[in-house]
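**Q** Quick one: the structure is below, and I'll ask about it shortly.
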Amino acid sequence: MARLPRITIPTLAHHIIQRGNNRQAVFFNDDGYRLYLECLALSKFLLGFLLGGRAGALRRRPMATHQRGLFTSQALGLGLLLLLQASCDPGFLITGQNNQEPTWSRSQSETAIAAGYGPYAGYLSVAYNDDTGNEATVLYPLGSRRVLAGASLMGWSYSRNHGRSWTYGGKVVPPREFPVLWGDPAITTFVFDPRFVFMSNLAVAASKFPADGIAGPLYNSDGSSPIGGACIARSADGGVTFGLHQCVATPELDFYDGGTMASSIHAETFAAFINITRNRIDVWRSAGADAPFAPLPNPFPGRFMTTHPRLRVELVTGNLYVMALDTSGTLFINRFVGGAWQQPRVAGIGAQRYPDVVLSDRRVRTGPQFSFDVGAPFVDDGRDAVRVLYTVRRDGRLRLSGSMCYADLRSDCFDAPGWRTNIDGDQFSPNVRAFAFLWVEPAWKATFVSRHTAPDGNQVLVRIGDLVAQPDGQHGLAMDDLLNPQVPCPDQRGYWGDYHDLQFIGREPGWSPAGFLYTFSDSTQGCVRRDQFTSHHLHVRGVVR
Amino acid sequence: MSRRRRRWLIALCLALGAGAMVGGCSAEPPPAPRPTEPLRLPASIADERPVEGKGTCAPAGHPDSAFTACCAGRPCAGYCVLNTRTQVTACRCFDREGGCPPGQICCKDKGACATPDECFQARKTPER
């Protein structure tokens with residue numbers, strides 16, 4: 001229907017009504033309604049307007065299949081357009097940019113990204129294991145290491161311009177009850193209000209901490225670990241400063257490992273860890289920016305879980321998803337909705353845990369070998385709302401397999417053979433992120449580490465691309481090289497691909513055409529060897545695609 | 001945005017997308033299979049559930065690094081699994097039925113049987 005141009009007055013509120021012709025219903029099912037809300041949220045994100053009123057008054061009508069197809073084609077076209085513009089640029093250093101920076105002389109590794117949307121698009125915070133400033137608390141006498149009270153690896157950097165420049169934020173000081181803040185960083189923000197950023201690291205409990213510090217690795221000769229929980233820090237200024245918010249632990253101070261965090265647009269924040277002592281995933285929830293974290297029930301009762309978990313939150317509904325691997329090599333997923341966990345579902349079979357990747361003269365250790373996200377489905381029946389990539393062993397090599405699941409997890413997930421990798425060498429350490437672009441449905445991005453350029457050599461590289469799916473169920477991977485090949489550090493304790501993160505960061509005209517940030521531990525500048533246990537990449541690097 | 005301009009933009013995107021499909025930098029051509037049936041666990045996995053052990057016969061080992069249990073009255077270097085079809089409880093360490101042999105522990109970090117020293121060396125996380 002033809003319309004005259006509407007009058008738009010900057011800063012003045014506009015009253016907008018969207019309804020069906022003759023007051024007919026607009027949506028008839030949840031998928032269509034959810035899609036509408038996502039488009040609305042994305043428009044708000046891209047244009048930065050404030051939204052009042054209520055969307056719930058809308059009535060529902062299913063979206064015609066041809067419209068969905070059009071969205072799909074647009075998303076595919078745009079995704080491939082972005083691939084066309086891409087090249088293997090080296091990215092930029094987030095830490096250790098020059099010898100004037102405090103991070104220059106120490107190491108940073110393991111990364112996690114939080115990104116703001118809407119009026120705060122371009123606000124980024126990156127957490128990492130930061131050895132900066134630990135000269136008095138992490139000592140390296142010859143052939144050993146001693147960790148003293150006050151040591152902290154909980155460091156971060158922030159950017160206000162989509163990653164074009166980065167500022168070192170500093171370190172969180174450990175509290176008395178947890179005198180050491182150690183690794184496995186996680187970070188999250190309320191995407192439409194990223195003033196509030198939460199960050200977590202593992203923490204050593206005071207009651208498990210030897211008076212003269214910890215010599216060597218962070219566990220004891222009897223197999224126990226001094227790590228007894230995790231500490232969560234909070235920023236109320238968009239990641240410029242952080243203060244300790246709360247430490248989370250069981251009454252028995254069980255050994256926590258592998259932090260992951262996620263937030264909803266409704267200001268809920270979740271943090272999860274594997275409780276290694278009790279073989280379960282412990283999930284914690286905070287109901288608001290100032291609310292304390294409280295434990296949720298066990299998402300995988302009756303299973304022994306063995307890997308770091310991963311959390312994702314569905315953007316509009318705020319429903320929480322958690323995934324982890326059990327003792328049988330089965331990848332399970334569950335959803336927290338209406339205050340309770342659903343029935344866990346199978347998301348992958350025969351998944352690898354933490355495989356060592358054998359290069360020509362060195363081994364690379366790896367982290368959790370699965371990733372997933374929840375976003376808009378493209379397949380007509382919605383079975384691809386959750387998309388999963390995980391590492392398996394196939395033909396004597398590490399390869400990726402894929403699966404897809406309904407958003408409501410009404411069944412176990414579906415095998416997605418089109419998302420398997422079948423190129424030379426090993427492929428491992430996948431990342432999956434859903435994202436959105438203009439008025440189209442959100443599309444899907446994935447990365448993984450590959451050895452296809454030198455299947456038996458020492459080089460690894462990262463590939464990036466699209467997890468493509470069509471309304472009729474056809475699906476495939478369209479991948480391209482993101483980083484030039486590089487050689488991991490020559491030490492069995494060094495690792496590559498663990499805690500690499502991938503986040504949609506919006507776009508900044510004239511600089512970043514696509515708006516995905518990938519962060520990783522950089523080994524192009526050499527390696528640090530401080531003792532037999534610690535040898536890892538020097539600094540954190542990012543690349544935008 | 002006018003309808004005409006939007007149509008033009010969509011056509012441009014599709015055309016560029018198609019161009020990228022042909023001329024992209026070493027992109028893998030996306031195959032096009034369809035999703036199959038829901039994933040089905042092998043019977044050997046589907047029938048088994050880990051269960052807590054009973055009794056005090058579990059071998060030494062710290063739960064921060066090793067599975068130990070007392071299964072069906074026997075020490076188990078691993079964990080107990082109940083076969084829900086046969087209702088038999090047995091010892092298992094990941095893919096090894098019966099648990100680990102003497103001198104080895106069921107190493108959580110390695111995901112397999114290992115000597116205590118191997119388990120120590122295998123430890124991957126947390127960052128050290």
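Ligands are numbered from 1 in the order shown, chains are lettered A, B, ... in the order of the structure tokens, and residues start at 1 in each chain.
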Excluding range 409-413 of chain A and residues on its chain fewer than 5 positions from it, collect all residues at most 6 Å away from it, counting only C-alpha atoms, and give them as a list in words.
**A**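 Near range 409-413 of chain A, the qualifying residues are Arg345, Val346, Ala347 and Met404 of chain A; Pro38 and Leu39 of chain B.
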**Q** With a distance cut-off of 9 Å and only C-alpha atoms, select the neighbouring residues of range 92-98 of chain A, excluding the residue or stretch itself and same-chain residues fewer than 6 positions from it, and output the selection as a PyMOL selection string.
**A** chain A and resi 104-108+126+157-158+163-168+519+522+538-544
**Q** Calculated over only C-alpha atoms, which of the candidates B:Ala114, B:Val81, B:Cys106, B:Cys119 has the smallest distance to Ser44 in chain B?
**A** B:Val81
**Q** Compare A:Thr391, A:Asn279, A:Thr447, A:Ser360 by their minimum atom-to-atom distance to chain B, counting only C-alpha atoms, and give me the closest one.
**A**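 Closest to chain B of all the choices is A:Asn279.
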**Q** For CA of Arg303 in chain A and CA of Ala69 in chain B, determine how far apart the two atoms are, in Å to one decimal place.
**A**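 Spanning CA of Arg303 in chain A to CA of Ala69 in chain B is a straight-line distance of 15.2 Å.
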**Q** Write down as a VMD selection string the residues belonging to range 81-159 of chain A that are assigned alpha helix (DSSP H) by DSSP computed on the backbone.
**A** chain A and resid 81 to 85
**Q** Calculate how many Å separate CA of Pro179 in chain A from CA of Asp212 in chain A, rounding to one decimal.
**A** 12.4 Å
**Q** Considering only C-alpha atoms, state which residue in the set B:Leu82, B:Ala66, B:Ala72, B:Ile45 is at the smallest distance from Thr115 in chain B.
**A**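 Under the stated criterion, the closest residue is B:Ala66.
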